[in-house]
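K.L.:
Sharing a structure here in structure tokens format.
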4 protein chains.
Amino acid sequence: MCRWLAYSGRPVRLEEFLVKRDRSLIDQSLHSRLGATTTNGDGFGVGWYDDQQLPRLYRSTHPAWNDQNLRELAAGISSPLFFAHIRAATGTAVQETNTHPFRHGRWLWMHNGVVREFSQIRRELLLAVDESLFRSIEGTTDSEAMFYLALSFGLEDDPIAAVERMVGLVEEVGHAHGVEQPMQMTIATTDGRTIWAFRYSSEGDSRSLFFSTRVDTLKALYPDAVELEGLSDETRVVVSEPLGDLPGVWNEVPESHVGIVRPGAGELLPFTPRRAAWP
Amino acid sequence: MCRWLAYSGRPVRLEEFLVKRDRSLIDQSLHSRLGATTTNGDGFGVGWYDDQQLPRLYRSTHPAWNDQNLRELAAGISSPLFFAHIRAATGTAVQETNTHPFRHGRWLWMHNGVVREFSQIRRELLLAVDESLFRSIEGTTDSEAMFYLALSFGLEDDPIAAVERMVGLVEEVGHAHGVEQPMQMTIATTDGRTIWAFRYSSEGDSRSLFFSTRVDTLKALYPDAVELEGLSDETRVVVSEPLGDLPGVWNEVPESHVGIVRPGAGELLPFTPRRAAWP
Amino acid sequence: MCRWLAYSGRPVRLEEFLVKRDRSLIDQSLHSRLGATTTNGDGFGVGWYDDQQLPRLYRSTHPAWNDQNLRELAAGISSPLFFAHIRAATGTAVQETNTHPFRHGRWLWMHNGVVREFSQIRRELLLAVDESLFRSIEGTTDSEAMFYLALSFGLEDDPIAAVERMVGLVEEVGHAHGVEQPMQMTIATTDGRTIWAFRYSSEGDSRSLFFSTRVDTLKALYPDAVELEGLSDETRVVVSEPLGDLPGVWNEVPESHVGIVRPGAGELLPFTPRRAAWP
Amino acid sequence: MCRWLAYSGRPVRLEEFLVKRDRSLIDQSLHSRLGATTTNGDGFGVGWYDDQQLPRLYRSTHPAWNDQNLRELAAGISSPLFFAHIRAATGTAVQETNTHPFRHGRWLWMHNGVVREFSQIRRELLLAVDESLFRSIEGTTDSEAMFYLALSFGLEDDPIAAVERMVGLVEEVGHAHGVEQPMQMTIATTDGRTIWAFRYSSEGDSRSLFFSTRVDTLKALYPDAVELEGLSDETRVVVSEPLGDLPGVWNEVPESHVGIVRPGAGELLPFTPRRAAWP
């Protein structure tokens, strides 16, 4: 439905991952191999942290492959942490406010997947969004609603618990409306320092998600690989699908797990939805 | 904030009123004389009834004055009843789903004005929208929320009562949030046969609204006026501001009134908000 | 590179061929089967003759599959003769002025294919455009340049001869610049009454092109086919690729031929480029 | 017709001049005071030199005032030298390739004004563009044609002489076609280190152009002015119209002059069109 990429490491130009590689994200917008659709042409977005550590967005309704501005910005902007997303819409309008990443304060959020029968349960989900947050919702997607639910459940304090409660709520409300498998998702969220990458679906058959091997390990394996040039040892990339064919570079995030990426460290934890304690 | 035009009469090409006159709606997009803003460049929309009497929409985020497709369509499409709207945004995103006219079933709706402090009271207003209608809301404007509230209050059965209840609710909720004068509006709505045009504001100082004099009267006054050529006697036009300078052509809709336009007839009635009987 | 469709017959709503069929043109924008690319997402255009027999255009840089206005117009507009085109750009900018069909006076023109090494020979080709026509060129594509060359060579008087001279010139100039096979094309052009559909390439291996069998013959073969409902006997459709699987419906235009479609008649003639008698 | 701004100095965020001031360039897009039109809503562009000293572009067909991406980029990007331009079209299409600044190699170019009767003389002007440069022309404006003529006449080696020859040619060709006053222009061009800002018109009544006073002088005059905070002494800004009301800040470039801005220096020279020595 969509494809996304999250980068953490020494500052690099965005084009390194969005444009230049054989299976760059722009290439995936026309020719995804593992996606639910091969074409992801319903807009795209990039979110990056600037030299003040503030998140900035460039989002467009054009297909990524023919947007000249994206190539300019990807060539001109470097960042130590950025998100990029290409969209294949699943029923909501193609407009910038429905384009990932979404932002709230210092946080970014992007999603691949779907809340099934979302139009039926949207009203009930929106009711569970905190009143003070409700007015910040700008679009109409399931993905943004999930973000504001997670924020309502404490994303900024305990991201994993908040996403677990969000998924718990979506499943609960979905089941109450007769939806058997309400949630299909991979999600990335960040506060600008740490990235959390979730893989989960109600049916236990989630969209693909991969994280890159440590760059020092890779450089030992492939001392001459041009793909590794300019990448610092602490680099980590999380992607919907691998950016190339080199064996050993990409590792699948297991079903119902969350990966945590921060400079100099990484962790993989099990993920279990929890029922929200809401009235 | 915006400018709009509603036409009812013998089928005419849309360009007659959108493009060709000195103060056509496209001209007003750059040079409004009576509007709250002189530039209305945040998108536009046209809604017309086709030869199956079904409403069709063309909406765009471009300024009306530089959209080539609008000129093409206005030249190629004739209709006996159409709405056109040019937008000056008041805080919500410039995207097609926020562009007037809005449509539900056979009905069209467009608005000039503002619900003051809308972001504060939006959640409460949306809660009053009927559950079955809620999922049809596509954008984030006050104008569309007003439409769905009116639909929830029976617009399709008794348009005036429904709009009176909608305004009553907005004022009630606004006052409860400390907004002194919550509503400023001119509204046009239609089922494809009759047009209702409302002028109202909480402060009793509403945006301008005019309706055209009967064409047979005008032709008697101005037997040679080119502006009247091709217009049938039953023609009525309702506009935010006059399309020209000819004395006697344009009549102001009085404060707190609703004008009703249907083939061969017209009526002007007082308009009074009513408190909705809602729990 | 692109896909196109030309319709002639009793007035039908555009959506009959653009939206409703299994392999409608909108479907082909995401999933072309015979095209050089499977995705044709770099804009689209529709040209139709209105009730004054004048050609009107709707062109957009959005992908056809996600453009709401296209669906509205296709539902609301009927025409006895229309062109539709979905684009996969081959090097020139994605902008409305590069989107087919192109129009000059009463004429429409659209193209699938490419002038090879066009950027090298563009200047020389443009020099051969008649001075009075030069100023009407709005975009930068090979396709539009071909149109204005054909107009310069008398398209409005003798369309086949003009296109033969245009192709002759492109091949001559291409060869002079060392391009072995300068031309790859299927082209449709019309004056609003007759459609000429050309299939030709320098290498004798042209993009696919099909025309529909007479509807009376088809109705005899398939008395119950829903695909034929509402189609008059004089209907002819010319397409880059078949709109469905029914055997006997679609006939390939042979290599180096031009098909002529007019109400109540049709003809298939050989096509041979000719050297232009230009200084 | 348009408004533009050129900045040279210590790196600043683009928003300092595009967004934050009372009469920022975005403000001028809605409310120009000295422009030929008050609204400049037909697209905009920004060109800046990145940390590799390479020029990058962001150009859009939206009005500057409602483009969210512009605000994001202006907040997230700092540069020691940038151009910004808001467009009011004078007859050519609103599309990114017609939007300033234009770029060739390391050079940027932007223009306010018009080549009168451009559509009549465009073909002849384009013929004077060097063949090797011709293929880089992407749009259809007079402004871009002027840029490629200047490049053909040696802009990269001697900018002032090249622009003098370009203007000489335009006037010569215009006069030959009966255009009395062919040229109306202010132009800025840069190689990333030096800015040249031209003010000239055939009629000796050119569009307005101003440059800022030395910042150390201003700081002596206005020790507490917030407008000067964060500006380095070598800052120079050249603008179509002043960004504020502070007396002494803005100096008019005289008629038929060119201003040269480079770090630590500035010069004002007379400008005289010269006849090109072309066959």
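By order in the structure tokens, chains are A, B, ...; within a chain, residues start at 1; ligands start at 1, following the order shown.
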Output the contact residues of chain A with respect to chain B at a cut-off of 8 Å, based on only C-alpha atoms, as a ChimeraX atom specification.

P.N.:
/A:93,95-97,119-120,122-123,131,134-135,138-140

K.L.:
Set the distance at 10 Å and use only C-alpha atoms: which residues neighbour Gln53 (chain D) once local chain neighbours fewer than 5 positions away are removed? I'd like the list as a PyMOL selection string.

P.N.:
(chain A and resi 76) or (chain D and resi 48+79-81+106+191-193)

K.L.:
DSSP on the backbone, strand (DSSP E or B) only: what residues of region 67-197 of chain A does that give? Format it as a VMD selection string.

P.N.:
chain A and resid 78 to 87 102 to 104 107 to 115 183 to 190 195 to 197

K.L.:
Could you tell me how far CA of Ala84 (chain B) lies from CA of Ala6 (chain B), in Å and to one decimal?

P.N.:
6.5 Å

K.L.:
Fewer than 4 positions away in the same chain doesn't count, so skip those; otherwise give me all residues within 12 Å of Gly259 (chain C), counting only C-alpha atoms, as a VMD selection string.

P.N.:
chain C and resid 6 159 to 160 186 to 190 194 to 200 209 to 212 236 to 239 251 to 255 265 to 271

K.L.:
As an MDAnalysis selection string, please: the residues near Leu70 (chain D) (cut-off 10 Å, only C-alpha atoms, same-chain neighbours under 2 positions excluded).

P.N.:
(chainID A and resid 57:58) or (chainID D and resid 14:15 18:19 26 44:46 58:60 62 64:68 72:76)

K.L.:
Residues near Met166 (chain D), anyone? I mean within 10 Å using only C-alpha atoms, not counting same-chain ones fewer than 6 positions away, as a tab-separated table (two decimals) with C-alpha atoms, in the first residue's frame.

P.N.:
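File produced: part.tsv:
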chain	number	residue	atom	x	y	z
D	125	LEU	CA	15.26	35.49	-30.28
D	128	ALA	CA	20.10	33.62	-31.55
D	145	ALA	CA	14.90	33.26	-23.22
D	146	MET	CA	16.74	36.38	-21.95
D	147	PHE	CA	18.83	34.13	-19.69
D	148	TYR	CA	19.87	31.82	-22.52
D	149	LEU	CA	20.62	34.77	-24.78
D	150	ALA	CA	22.86	36.22	-22.07
D	151	LEU	CA	24.54	32.84	-21.62
D	152	SER	CA	25.07	32.69	-25.39
D	153	PHE	CA	26.69	36.13	-25.20
D	154	GLY	CA	29.15	35.11	-22.48
D	155	LEU	CA	27.33	35.65	-19.19
D	160	ILE	CA	27.55	42.91	-17.66
D	172	GLU	CA	16.95	45.49	-32.17
D	273	PRO	CA	22.50	48.07	-24.15
D	274	ARG	CA	24.83	47.19	-27.00
D	275	ARG	CA	24.10	45.91	-30.41
D	276	ALA	CA	25.21	42.32	-30.66

K.L.:
Quick one: pull the distance between CA of Asn69 (chain C) and CA of Thr61 (chain B), Å, one decimal.

P.N.:
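Calculated distance between CA of Asn69 (chain C) and CA of Thr61 (chain B) is 11.8 Å.
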